[in-house]
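Worksheet: one structure, shown below.
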There are 2 protein chains.
Amino acid sequence: MTYCVGLTLNRGIVFMSDTRTNAGVDNFSTTRKMFTFCEPGERLITIMTAGNLATTQTVISLLEERSKASDERDPTILQAPSMFQVARLVGSTLKEVIKDSSASGQTMDASFQATLIVGGQVKGGPPRLFLIYPEGNFIEATADTPFFQIGETKYGKPILVRTYDPEMEFSEAVKLLLVSFDSTVKANLSVGLPFDLQLYEADSFAKGRELRIEMDDPRYQAISNGWGDALRGAFDMLPSYDV
Amino acid sequence: MTYCVGLTLNRGIVFMSDTRTNAGVDNFSTTRKMFTFCEPGERLITIMTAGNLATTQTVISLLEERSKASDERDPTILQAPSMFQVARLVGSTLKEVIKDSSASGQTMDASFQATLIVGGQVKGGPPRLFLIYPEGNFIEATADTPFFQIGETKYGKPILVRTYDPEMEFSEAVKLLLVSFDSTVKANLSVGLPFDLQLYEADSFAKGRELRIEMDDPRYQAISNGWGDALRGAFDMLPSYDV
């Protein structure tokens, strides 16, 4: 599995992804699931991937190759006029790759599937965040649904639901994501460190701060260990339930 | 779906189950998923169910009918000499019901499946807790794996993993379960109130305190609302992560 979250804030978008990939428990490795396409001053697009690794790597390679071969008929994601059109292009590429795999003799089943988060900003529009389904269609984040998770989403959802605030500073949002990721890692072997982090500042049209957070990062350790203690402290403060 | 947890403590076992059952989102109702068989002074057995409702209701009805018809050749769960033998009986009954459904003309698929938690104590042995799979086999709770969850297990797992302590008082354990259930209810529509709660005190060989916790229960509300505030307080106490 995988765990990726894209979180919209008033000041921009935060992207975080884990790096564990596995085919069975005896075949696992570290792979990057966050990819950025940038035309400085004009657009920034970040894509995070969950699902079949062959599918997601092919999608990213196709998007990259096509954005370099600019003489093709169709616009590439570096030329599309809006984030909505970027999402459509990414969605149709994903659909095409899944269809190609299933047409090659093997029956289509869940194993070729992938789900993507696409976020960023194209000059002339606001920052936008999309969740793209294996069918190529997609939904957009709104004030009511301000974040998207893909992969192993359930363990880390309660803390996001209860603590998210669109006014958050980036440093608070990163802390929130680290708590959510840490809860997931503690409960599920298929999600693992290091985590990739990227911040996009609204209207910067440039790649924001980027970081790989390793297991021995002392600030991550402080949050991970502190969260266990803080949770127990919070729990102790609640009234007990005598039966 | 469903959410049930059986939690072993030094002082006994706590059982909690939700009551929502649904077939699609427009067909949902409230049904009890916790069933108790008791021979006062000699044994107490509590079963919680998740999965296909036709399967689980048939399993419980068969166990009940057979425990009344004591002239049958095989021992019933009210006669089995140990909790291990009780678990075997429940497992074989579950397997039989699933097999009957699938043999009746329709292809066997996941839709007849069910998973059970069986816990209690038979005189001469300690309190024991089992998780029974649709195949009829089962695993037992140990000091390393002191609780079992069935149904929609992921949302409520992180708080259990981080806060459980075998020395807990019953009132603390109930609080812990309510936080775990509340996190699940807030994140997933297929789990709903009221919750059924039962305490089994080790070596009591009797039905312990039992309660149905309704949505408007003021103590549940205090824990549910308090937990949101306590979480945010705990979160604020953590160091933020400047990037």
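To be explicit about the labels: the chains of the structure tokens are called A, B, and onward in the order shown, and within each one the residues are counted from 1, while ligands get numbers from 1 in the order they are shown.
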
At a cut-off of 9 Å, which residues of chain A touch chain B? Count only C-alpha atoms and give the answer as an mmCIF file with C-alpha atoms, in the first residue's frame.
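That gives us part_30.cif:
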data_model
loop_
_atom_site.group_PDB
_atom_site.id
_atom_site.type_symbol
_atom_site.label_atom_id
_atom_site.label_comp_id
_atom_site.auth_asym_id
_atom_site.auth_seq_id
_atom_site.Cartn_x
_atom_site.Cartn_y
_atom_site.Cartn_z
ATOM 1 C CA THR A 153 -6.227 6.165 4.437
ATOM 2 C CA LYS A 154 -8.204 5.031 7.449
ATOM 3 C CA TYR A 155 -5.763 5.004 10.375
ATOM 4 C CA GLY A 156 -4.688 8.594 9.838
ATOM 5 C CA LYS A 157 -8.088 10.081 9.077
ATOM 6 C CA PRO A 158 -9.520 10.739 12.584
ATOM 7 C CA ILE A 159 -6.740 13.155 13.556
ATOM 8 C CA VAL A 161 -10.822 15.321 10.648
ATOM 9 C CA ARG A 162 -10.503 16.637 14.179
ATOM 10 C CA THR A 163 -7.516 18.959 13.961
ATOM 11 C CA PHE A 170 2.745 25.352 7.135
ATOM 12 C CA SER A 171 4.701 24.230 10.216
ATOM 13 C CA GLU A 172 1.442 23.266 11.975
ATOM 14 C CA ALA A 173 0.139 21.471 8.911
ATOM 15 C CA VAL A 174 3.363 19.476 8.605
ATOM 16 C CA LYS A 175 3.062 18.534 12.271
ATOM 17 C CA LEU A 176 -0.533 17.404 11.659
ATOM 18 C CA LEU A 178 3.376 13.768 10.623
ATOM 19 C CA VAL A 179 0.963 12.719 13.377
ATOM 20 C CA SER A 183 -0.391 6.729 13.379
ATOM 21 C CA THR A 184 -0.564 4.897 10.056
ATOM 22 C CA LYS A 186 2.429 2.333 13.734
ATOM 23 C CA ALA A 187 -0.638 0.362 12.618
ATOM 24 C CA LEU A 199 5.047 22.858 0.408
ATOM 25 C CA ARG A 209 10.399 23.868 0.240
ATOM 26 C CA GLU A 210 10.948 20.165 -0.145
ATOM 27 C CA LEU A 211 12.254 17.632 2.308
ATOM 28 C CA ARG A 219 12.066 16.502 14.984
ATOM 29 C CA TYR A 220 9.999 13.623 13.628
ATOM 30 C CA ALA A 222 10.004 14.335 18.950
ATOM 31 C CA ILE A 223 6.551 14.448 17.347
ATOM 32 C CA GLY A 226 5.515 13.250 22.038
ATOM 33 C CA TRP A 227 2.265 12.214 20.407
ATOM 34 C CA GLY A 228 2.105 8.966 22.363
ATOM 35 C CA ASP A 229 2.574 10.874 25.618
ATOM 36 C CA ALA A 230 0.256 13.690 24.579
ATOM 37 C CA LEU A 231 -2.470 11.200 23.617
ATOM 38 C CA ARG A 232 -2.225 9.446 26.950
ATOM 39 C CA GLY A 233 -2.317 12.816 28.699
ATOM 40 C CA ALA A 234 -5.370 13.848 26.705
ATOM 41 C CA PHE A 235 -6.981 10.487 27.422
ATOM 42 C CA ASP A 236 -6.355 10.833 31.161
ATOM 43 C CA MET A 237 -8.042 14.229 31.157
ATOM 44 C CA LEU A 238 -11.318 12.771 29.869
ATOM 45 C CA PRO A 239 -13.928 11.697 32.400
ATOM 46 C CA SER A 240 -13.932 7.919 32.856
ATOM 47 C CA TYR A 241 -17.095 5.936 32.248
ATOM 48 C CA ASP A 242 -18.268 4.045 35.304
ATOM 49 C CA VAL A 243 -20.667 1.246 34.456
#

Sel. of helix (DSSP H, G or I) residues, segment 7-233 of chain B, as number ranges by chain: B: 53-68, 83-103, 110-112, 157-163, 170-187, 218-233

DSSP strand (DSSP E or B) residues within segment 66-150 of chain B, listed as a list in words: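 Those residues are Ala114, Thr115, Leu116, Ile117, Val118, Gly119, Gly120, Gln121, Val122, Arg128, Leu129, Phe130, Leu131, Ile132, Phe138, Ile139, Glu140, Phe147, Phe148, Gln149 and Ile150 of chain B.
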
Proximity to Phe130 of chain B - best of B:Leu62, B:Leu53, B:Ala103, B:Val86, only C-alpha atoms: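 Under the stated criterion, the closest residue is B:Val86.
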
All residues 12 Å or closer to Thr58 of chain B, only C-alpha atoms, same chain fewer than 3 positions away omitted, as an MDAnalysis selection string: chainID B and resid 49 52:55 61:66 90 93:98 100:101 112 114

Write to file, as an mmCIF file, in the first residue's frame, the residues of the selection just made, with N, CA, C and O atoms.
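What landed in result.cif:
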data_model
loop_
_atom_site.group_PDB
_atom_site.id
_atom_site.type_symbol
_atom_site.label_atom_id
_atom_site.label_comp_id
_atom_site.auth_asym_id
_atom_site.auth_seq_id
_atom_site.Cartn_x
_atom_site.Cartn_y
_atom_site.Cartn_z
ATOM 1 N N THR B 49 -20.423 -10.307 16.509
ATOM 2 C CA THR B 49 -20.459 -10.735 15.108
ATOM 3 C C THR B 49 -20.242 -9.581 14.137
ATOM 4 O O THR B 49 -20.704 -8.469 14.368
ATOM 5 N N ASN B 52 -21.942 -10.839 7.064
ATOM 6 C CA ASN B 52 -23.288 -11.090 6.536
ATOM 7 C C ASN B 52 -24.279 -11.380 7.668
ATOM 8 O O ASN B 52 -24.091 -12.306 8.461
ATOM 9 N N LEU B 53 -25.362 -10.576 7.737
ATOM 10 C CA LEU B 53 -26.295 -10.694 8.858
ATOM 11 C C LEU B 53 -27.050 -12.013 8.839
ATOM 12 O O LEU B 53 -27.330 -12.603 9.895
ATOM 13 N N ALA B 54 -27.379 -12.527 7.655
ATOM 14 C CA ALA B 54 -28.064 -13.819 7.571
ATOM 15 C C ALA B 54 -27.166 -14.914 8.148
ATOM 16 O O ALA B 54 -27.623 -15.789 8.891
ATOM 17 N N THR B 55 -25.895 -14.841 7.828
ATOM 18 C CA THR B 55 -24.953 -15.832 8.356
ATOM 19 C C THR B 55 -24.844 -15.734 9.878
ATOM 20 O O THR B 55 -24.979 -16.723 10.594
ATOM 21 N N SER B 61 -28.538 -18.502 16.183
ATOM 22 C CA SER B 61 -29.742 -19.313 16.381
ATOM 23 C C SER B 61 -29.391 -20.790 16.530
ATOM 24 O O SER B 61 -29.952 -21.497 17.378
ATOM 25 N N LEU B 62 -28.456 -21.271 15.699
ATOM 26 C CA LEU B 62 -28.038 -22.677 15.797
ATOM 27 C C LEU B 62 -27.395 -22.956 17.149
ATOM 28 O O LEU B 62 -27.680 -23.964 17.794
ATOM 29 N N LEU B 63 -26.525 -22.048 17.587
ATOM 30 C CA LEU B 63 -25.855 -22.243 18.880
ATOM 31 C C LEU B 63 -26.889 -22.264 20.009
ATOM 32 O O LEU B 63 -26.795 -23.070 20.938
ATOM 33 N N GLU B 64 -27.900 -21.394 19.874
ATOM 34 C CA GLU B 64 -28.950 -21.347 20.909
ATOM 35 C C GLU B 64 -29.793 -22.613 20.905
ATOM 36 O O GLU B 64 -30.020 -23.232 21.942
ATOM 37 N N GLU B 65 -30.256 -22.991 19.722
ATOM 38 C CA GLU B 65 -31.117 -24.190 19.630
ATOM 39 C C GLU B 65 -30.385 -25.415 20.144
ATOM 40 O O GLU B 65 -30.940 -26.234 20.862
ATOM 41 N N ARG B 66 -29.125 -25.550 19.728
ATOM 42 C CA ARG B 66 -28.368 -26.739 20.112
ATOM 43 C C ARG B 66 -28.074 -26.747 21.597
ATOM 44 O O ARG B 66 -27.992 -27.805 22.204
ATOM 45 N N VAL B 90 -17.978 -22.984 17.944
ATOM 46 C CA VAL B 90 -18.496 -21.793 17.263
ATOM 47 C C VAL B 90 -17.899 -21.716 15.855
ATOM 48 O O VAL B 90 -18.606 -21.450 14.880
ATOM 49 N N THR B 93 -19.546 -24.220 13.572
ATOM 50 C CA THR B 93 -20.906 -23.788 13.238
ATOM 51 C C THR B 93 -20.866 -22.695 12.175
ATOM 52 O O THR B 93 -21.641 -22.710 11.208
ATOM 53 N N LEU B 94 -19.948 -21.750 12.344
ATOM 54 C CA LEU B 94 -19.817 -20.660 11.363
ATOM 55 C C LEU B 94 -19.468 -21.223 9.983
ATOM 56 O O LEU B 94 -20.071 -20.863 8.969
ATOM 57 N N LYS B 95 -18.500 -22.129 9.966
ATOM 58 C CA LYS B 95 -18.075 -22.729 8.699
ATOM 59 C C LYS B 95 -19.237 -23.463 8.021
ATOM 60 O O LYS B 95 -19.444 -23.361 6.807
ATOM 61 N N GLU B 96 -20.013 -24.182 8.833
ATOM 62 C CA GLU B 96 -21.161 -24.947 8.334
ATOM 63 C C GLU B 96 -22.205 -24.016 7.702
ATOM 64 O O GLU B 96 -22.722 -24.291 6.610
ATOM 65 N N VAL B 97 -22.487 -22.900 8.370
ATOM 66 C CA VAL B 97 -23.510 -21.980 7.855
ATOM 67 C C VAL B 97 -23.040 -21.356 6.542
ATOM 68 O O VAL B 97 -23.815 -21.254 5.580
ATOM 69 N N ILE B 98 -21.773 -20.943 6.481
ATOM 70 C CA ILE B 98 -21.272 -20.326 5.244
ATOM 71 C C ILE B 98 -21.303 -21.350 4.109
ATOM 72 O O ILE B 98 -21.684 -21.048 2.980
ATOM 73 N N ASP B 100 -23.301 -23.964 3.843
ATOM 74 C CA ASP B 100 -24.687 -24.193 3.453
ATOM 75 C C ASP B 100 -25.177 -23.123 2.495
ATOM 76 O O ASP B 100 -25.854 -23.410 1.514
ATOM 77 N N SER B 101 -24.860 -21.868 2.791
ATOM 78 C CA SER B 101 -25.327 -20.779 1.918
ATOM 79 C C SER B 101 -24.745 -20.927 0.533
ATOM 80 O O SER B 101 -25.436 -20.790 -0.472
ATOM 81 N N PHE B 112 -21.191 -14.035 1.908
ATOM 82 C CA PHE B 112 -21.709 -14.866 2.995
ATOM 83 C C PHE B 112 -20.788 -14.881 4.210
ATOM 84 O O PHE B 112 -21.070 -15.508 5.223
ATOM 85 N N ALA B 114 -18.457 -14.084 7.487
ATOM 86 C CA ALA B 114 -18.625 -13.408 8.765
ATOM 87 C C ALA B 114 -17.411 -13.722 9.630
ATOM 88 O O ALA B 114 -16.730 -14.731 9.427
#

Surrounding residues of Asn137 of chain B excluding itself and chain neighbours under 4 positions, 12 Å, only C-alpha atoms, as a PyMOL selection string: chain B and resi 84-85+87-95+115-117+130-133

Keeping only all heavy atoms, take the residues you just selected and write them out as a compact mmCIF listing (two decimals), in the first residue's frame.
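Final output, part_23.txt:
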# COMPACT_ATOMS: atom_id res chain seq x y z
N PHE B 84 -11.47 -23.19 24.76
CA PHE B 84 -10.91 -23.63 23.49
C PHE B 84 -11.92 -24.48 22.72
O PHE B 84 -12.14 -24.30 21.52
CB PHE B 84 -9.61 -24.40 23.75
CG PHE B 84 -9.04 -25.04 22.52
CD1 PHE B 84 -8.45 -24.28 21.53
CD2 PHE B 84 -9.10 -26.42 22.34
CE1 PHE B 84 -7.93 -24.87 20.38
CE2 PHE B 84 -8.58 -27.03 21.20
CZ PHE B 84 -8.00 -26.25 20.22
N GLN B 85 -12.58 -25.40 23.44
CA GLN B 85 -13.59 -26.24 22.78
C GLN B 85 -14.82 -25.42 22.38
O GLN B 85 -15.45 -25.71 21.36
CB GLN B 85 -14.00 -27.40 23.70
CG GLN B 85 -12.87 -28.41 23.97
CD GLN B 85 -12.39 -29.12 22.69
OE1 GLN B 85 -13.09 -29.18 21.68
NE2 GLN B 85 -11.16 -29.63 22.74
N ALA B 87 -14.65 -22.32 21.35
CA ALA B 87 -14.24 -21.64 20.12
C ALA B 87 -14.30 -22.60 18.94
O ALA B 87 -14.72 -22.23 17.84
CB ALA B 87 -12.83 -21.07 20.28
N ARG B 88 -13.90 -23.85 19.16
CA ARG B 88 -13.96 -24.83 18.05
C ARG B 88 -15.39 -25.05 17.60
O ARG B 88 -15.68 -25.14 16.41
CB ARG B 88 -13.35 -26.17 18.51
CG ARG B 88 -11.85 -26.07 18.66
CD ARG B 88 -11.24 -27.43 18.86
NE ARG B 88 -11.33 -28.24 17.64
CZ ARG B 88 -10.66 -29.36 17.46
NH1 ARG B 88 -9.84 -29.81 18.41
NH2 ARG B 88 -10.78 -30.04 16.35
N LEU B 89 -16.30 -25.17 18.58
CA LEU B 89 -17.71 -25.38 18.24
C LEU B 89 -18.28 -24.20 17.47
O LEU B 89 -18.99 -24.36 16.46
CB LEU B 89 -18.53 -25.56 19.52
CG LEU B 89 -18.72 -26.99 19.99
CD1 LEU B 89 -19.36 -27.00 21.37
CD2 LEU B 89 -19.62 -27.73 18.99
N VAL B 90 -17.98 -22.98 17.94
CA VAL B 90 -18.50 -21.79 17.26
C VAL B 90 -17.90 -21.72 15.85
O VAL B 90 -18.61 -21.45 14.88
CB VAL B 90 -18.16 -20.52 18.07
CG1 VAL B 90 -18.60 -19.27 17.30
CG2 VAL B 90 -18.84 -20.56 19.44
N GLY B 91 -16.60 -22.01 15.75
CA GLY B 91 -15.95 -21.98 14.45
C GLY B 91 -16.56 -22.98 13.48
O GLY B 91 -16.82 -22.65 12.32
N SER B 92 -16.82 -24.20 13.96
CA SER B 92 -17.37 -25.19 13.03
C SER B 92 -18.81 -24.85 12.65
O SER B 92 -19.24 -25.09 11.52
CB SER B 92 -17.26 -26.60 13.62
OG SER B 92 -18.07 -26.70 14.76
N THR B 93 -19.55 -24.22 13.57
CA THR B 93 -20.91 -23.79 13.24
C THR B 93 -20.87 -22.70 12.17
O THR B 93 -21.64 -22.71 11.21
CB THR B 93 -21.62 -23.26 14.50
OG1 THR B 93 -21.51 -24.24 15.53
CG2 THR B 93 -23.09 -22.98 14.22
N LEU B 94 -19.95 -21.75 12.34
CA LEU B 94 -19.82 -20.66 11.36
C LEU B 94 -19.47 -21.22 9.98
O LEU B 94 -20.07 -20.86 8.97
CB LEU B 94 -18.73 -19.68 11.83
CG LEU B 94 -18.37 -18.55 10.86
CD1 LEU B 94 -19.57 -17.67 10.56
CD2 LEU B 94 -17.23 -17.70 11.43
N LYS B 95 -18.50 -22.13 9.97
CA LYS B 95 -18.07 -22.73 8.70
C LYS B 95 -19.24 -23.46 8.02
O LYS B 95 -19.44 -23.36 6.81
CB LYS B 95 -16.93 -23.71 9.01
CG LYS B 95 -16.23 -24.28 7.82
CD LYS B 95 -15.09 -25.15 8.30
CE LYS B 95 -14.53 -26.01 7.18
NZ LYS B 95 -13.48 -26.91 7.69
N THR B 115 -17.14 -12.84 10.56
CA THR B 115 -16.03 -13.00 11.49
C THR B 115 -16.59 -12.78 12.89
O THR B 115 -17.44 -11.91 13.08
CB THR B 115 -14.93 -11.97 11.18
OG1 THR B 115 -14.61 -12.03 9.80
CG2 THR B 115 -13.69 -12.23 12.01
N LEU B 116 -16.14 -13.57 13.84
CA LEU B 116 -16.71 -13.49 15.19
C LEU B 116 -15.61 -13.27 16.23
O LEU B 116 -14.48 -13.72 16.05
CB LEU B 116 -17.44 -14.80 15.53
CG LEU B 116 -18.43 -15.36 14.51
CD1 LEU B 116 -19.00 -16.68 15.02
CD2 LEU B 116 -19.55 -14.37 14.27
N ILE B 117 -15.98 -12.62 17.31
CA ILE B 117 -15.14 -12.59 18.50
C ILE B 117 -15.87 -13.40 19.56
O ILE B 117 -17.07 -13.20 19.80
CB ILE B 117 -14.91 -11.14 18.99
CG1 ILE B 117 -14.00 -10.38 18.02
CG2 ILE B 117 -14.30 -11.14 20.39
CD1 ILE B 117 -13.83 -8.92 18.36
N PHE B 130 -11.10 -15.16 21.70
CA PHE B 130 -10.75 -15.72 20.39
C PHE B 130 -11.33 -14.87 19.26
O PHE B 130 -12.41 -14.28 19.39
CB PHE B 130 -11.30 -17.14 20.25
CG PHE B 130 -10.77 -18.11 21.26
CD1 PHE B 130 -11.42 -18.31 22.47
CD2 PHE B 130 -9.60 -18.83 21.01
CE1 PHE B 130 -10.92 -19.21 23.41
CE2 PHE B 130 -9.09 -19.72 21.94
CZ PHE B 130 -9.76 -19.92 23.15
N LEU B 131 -10.61 -14.88 18.15
CA LEU B 131 -11.10 -14.27 16.91
C LEU B 131 -11.32 -15.41 15.92
O LEU B 131 -10.38 -16.14 15.59
CB LEU B 131 -10.07 -13.30 16.35
CG LEU B 131 -10.38 -12.69 14.98
CD1 LEU B 131 -11.56 -11.73 15.08
CD2 LEU B 131 -9.17 -11.96 14.43
N ILE B 132 -12.56 -15.57 15.45
CA ILE B 132 -12.91 -16.72 14.60
C ILE B 132 -13.11 -16.27 13.17
O ILE B 132 -13.91 -15.37 12.89
CB ILE B 132 -14.17 -17.41 15.16
CG1 ILE B 132 -13.86 -17.83 16.60
CG2 ILE B 132 -14.58 -18.60 14.28
CD1 ILE B 132 -14.83 -18.76 17.21
N TYR B 133 -12.38 -16.90 12.27
CA TYR B 133 -12.42 -16.55 10.86
C TYR B 133 -13.56 -17.28 10.15
O TYR B 133 -14.03 -18.31 10.64
CB TYR B 133 -11.09 -16.92 10.19
CG TYR B 133 -9.92 -16.13 10.72
CD1 TYR B 133 -8.97 -16.74 11.55
CD2 TYR B 133 -9.76 -14.79 10.42
CE1 TYR B 133 -7.89 -16.02 12.04
CE2 TYR B 133 -8.69 -14.06 10.91
CZ TYR B 133 -7.76 -14.68 11.71
OH TYR B 133 -6.71 -13.97 12.20

Shortest interatomic distance to Phe205 of chain B - which of B:Asn27, B:Thr46, B:Ser102, B:Asn10, counting only C-alpha atoms: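 When distances to Phe205 of chain B are compared using only C-alpha atoms, the smallest one comes from B:Thr46.
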
Long-range neighbours of Met215 of chain B as a list of chain:residue names, 8 Å cut-off, only C-alpha atoms, 6 positions minimum in chain: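 Result of the neighbour search: B:Leu193, B:Pro194, B:Gln221.
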
Can you write just those residues out, C-alpha atoms, as an mmCIF file, in the first residue's frame?
data_model
loop_
_atom_site.group_PDB
_atom_site.id
_atom_site.type_symbol
_atom_site.label_atom_id
_atom_site.label_comp_id
_atom_site.auth_asym_id
_atom_site.auth_seq_id
_atom_site.Cartn_x
_atom_site.Cartn_y
_atom_site.Cartn_z
ATOM 1 C CA LEU B 193 -24.743 4.185 17.697
ATOM 2 C CA PRO B 194 -26.096 2.868 19.992
ATOM 3 C CA GLN B 221 -21.213 13.069 24.792
#

Segment 139-151 of chain A environment, 7 Å, only C-alpha atoms, sequence neighbours closer than 5 positions dropped, as a ChimeraX atom specification: /A:1-8,50,115,129-132

Residue subset to file, keeping all heavy atoms, as a short mmCIF file (atom, residue, chain, number, x, y, z; two decimals), in the first residue's frame:
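Output file selection_15.cif is given in full below:
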data_model
loop_
_atom_site.label_atom_id
_atom_site.label_comp_id
_atom_site.auth_asym_id
_atom_site.auth_seq_id
_atom_site.Cartn_x
_atom_site.Cartn_y
_atom_site.Cartn_z
N MET A 1 0.84 -1.19 0.00
CA MET A 1 0.00 0.00 0.00
C MET A 1 0.88 1.24 0.00
O MET A 1 2.05 1.18 -0.34
CB MET A 1 -0.92 0.02 1.23
CG MET A 1 -2.31 -0.50 1.08
SD MET A 1 -3.28 -0.12 -0.38
CE MET A 1 -4.79 0.48 0.32
N THR A 2 0.37 2.30 0.47
CA THR A 2 0.94 3.63 0.33
C THR A 2 0.14 4.52 1.25
O THR A 2 -0.97 4.17 1.63
CB THR A 2 0.71 4.11 -1.13
OG1 THR A 2 1.64 3.46 -1.98
CG2 THR A 2 0.85 5.61 -1.27
N TYR A 3 0.68 5.66 1.59
CA TYR A 3 -0.14 6.69 2.21
C TYR A 3 0.33 8.05 1.71
O TYR A 3 1.51 8.39 1.88
CB TYR A 3 -0.07 6.59 3.73
CG TYR A 3 -1.01 7.54 4.46
CD1 TYR A 3 -2.28 7.78 3.98
CD2 TYR A 3 -0.62 8.19 5.62
CE1 TYR A 3 -3.15 8.64 4.63
CE2 TYR A 3 -1.48 9.06 6.29
CZ TYR A 3 -2.74 9.28 5.79
OH TYR A 3 -3.60 10.13 6.44
N CYS A 4 -0.56 8.78 1.06
CA CYS A 4 -0.26 10.13 0.59
C CYS A 4 -1.42 11.04 0.98
O CYS A 4 -2.58 10.63 0.95
CB CYS A 4 -0.16 10.20 -0.93
SG CYS A 4 1.07 9.13 -1.67
N VAL A 5 -1.09 12.26 1.35
CA VAL A 5 -2.12 13.26 1.67
C VAL A 5 -1.77 14.57 0.97
O VAL A 5 -0.61 15.00 0.98
CB VAL A 5 -2.21 13.51 3.19
CG1 VAL A 5 -3.31 14.54 3.49
CG2 VAL A 5 -2.49 12.23 3.96
N GLY A 6 -2.77 15.17 0.36
CA GLY A 6 -2.68 16.54 -0.15
C GLY A 6 -3.64 17.38 0.66
O GLY A 6 -4.81 17.03 0.80
N LEU A 7 -3.13 18.49 1.20
CA LEU A 7 -3.91 19.27 2.18
C LEU A 7 -3.93 20.72 1.70
O LEU A 7 -2.88 21.34 1.55
CB LEU A 7 -3.18 19.16 3.52
CG LEU A 7 -3.84 19.60 4.81
CD1 LEU A 7 -4.89 18.56 5.22
CD2 LEU A 7 -2.79 19.69 5.90
N THR A 8 -5.13 21.25 1.45
CA THR A 8 -5.21 22.66 1.04
C THR A 8 -5.30 23.55 2.27
O THR A 8 -6.01 23.25 3.22
CB THR A 8 -6.44 22.92 0.14
OG1 THR A 8 -7.61 22.60 0.89
CG2 THR A 8 -6.40 22.07 -1.11
N ALA A 50 -0.64 6.30 -5.82
CA ALA A 50 -0.87 5.09 -5.03
C ALA A 50 -1.39 4.02 -5.97
O ALA A 50 -2.14 4.32 -6.90
CB ALA A 50 -1.90 5.35 -3.92
N THR A 115 -4.45 5.32 -8.11
CA THR A 115 -5.17 6.54 -7.79
C THR A 115 -4.15 7.64 -7.58
O THR A 115 -3.08 7.37 -7.02
CB THR A 115 -5.99 6.32 -6.49
OG1 THR A 115 -6.77 5.13 -6.64
CG2 THR A 115 -6.93 7.48 -6.23
N LEU A 129 -6.64 21.34 -6.04
CA LEU A 129 -6.21 19.99 -5.67
C LEU A 129 -7.25 18.99 -6.16
O LEU A 129 -8.46 19.18 -5.93
CB LEU A 129 -6.06 19.91 -4.14
CG LEU A 129 -5.51 18.61 -3.56
CD1 LEU A 129 -4.01 18.50 -3.84
CD2 LEU A 129 -5.74 18.56 -2.05
N PHE A 130 -6.80 17.91 -6.82
CA PHE A 130 -7.71 16.92 -7.39
C PHE A 130 -7.35 15.51 -6.95
O PHE A 130 -6.17 15.20 -6.73
CB PHE A 130 -7.65 16.97 -8.93
CG PHE A 130 -8.06 18.27 -9.52
CD1 PHE A 130 -7.12 19.27 -9.78
CD2 PHE A 130 -9.39 18.53 -9.82
CE1 PHE A 130 -7.50 20.48 -10.33
CE2 PHE A 130 -9.77 19.74 -10.37
CZ PHE A 130 -8.83 20.72 -10.63
N LEU A 131 -8.37 14.68 -6.85
CA LEU A 131 -8.17 13.24 -6.62
C LEU A 131 -8.61 12.53 -7.90
O LEU A 131 -9.78 12.66 -8.31
CB LEU A 131 -9.03 12.78 -5.44
CG LEU A 131 -9.02 11.28 -5.16
CD1 LEU A 131 -7.65 10.85 -4.63
CD2 LEU A 131 -10.10 10.92 -4.15
N ILE A 132 -7.68 11.79 -8.52
CA ILE A 132 -7.97 11.17 -9.82
C ILE A 132 -8.16 9.67 -9.65
O ILE A 132 -7.30 8.98 -9.10
CB ILE A 132 -6.85 11.50 -10.81
CG1 ILE A 132 -6.74 13.03 -10.90
CG2 ILE A 132 -7.10 10.85 -12.16
CD1 ILE A 132 -5.93 13.54 -12.03
#
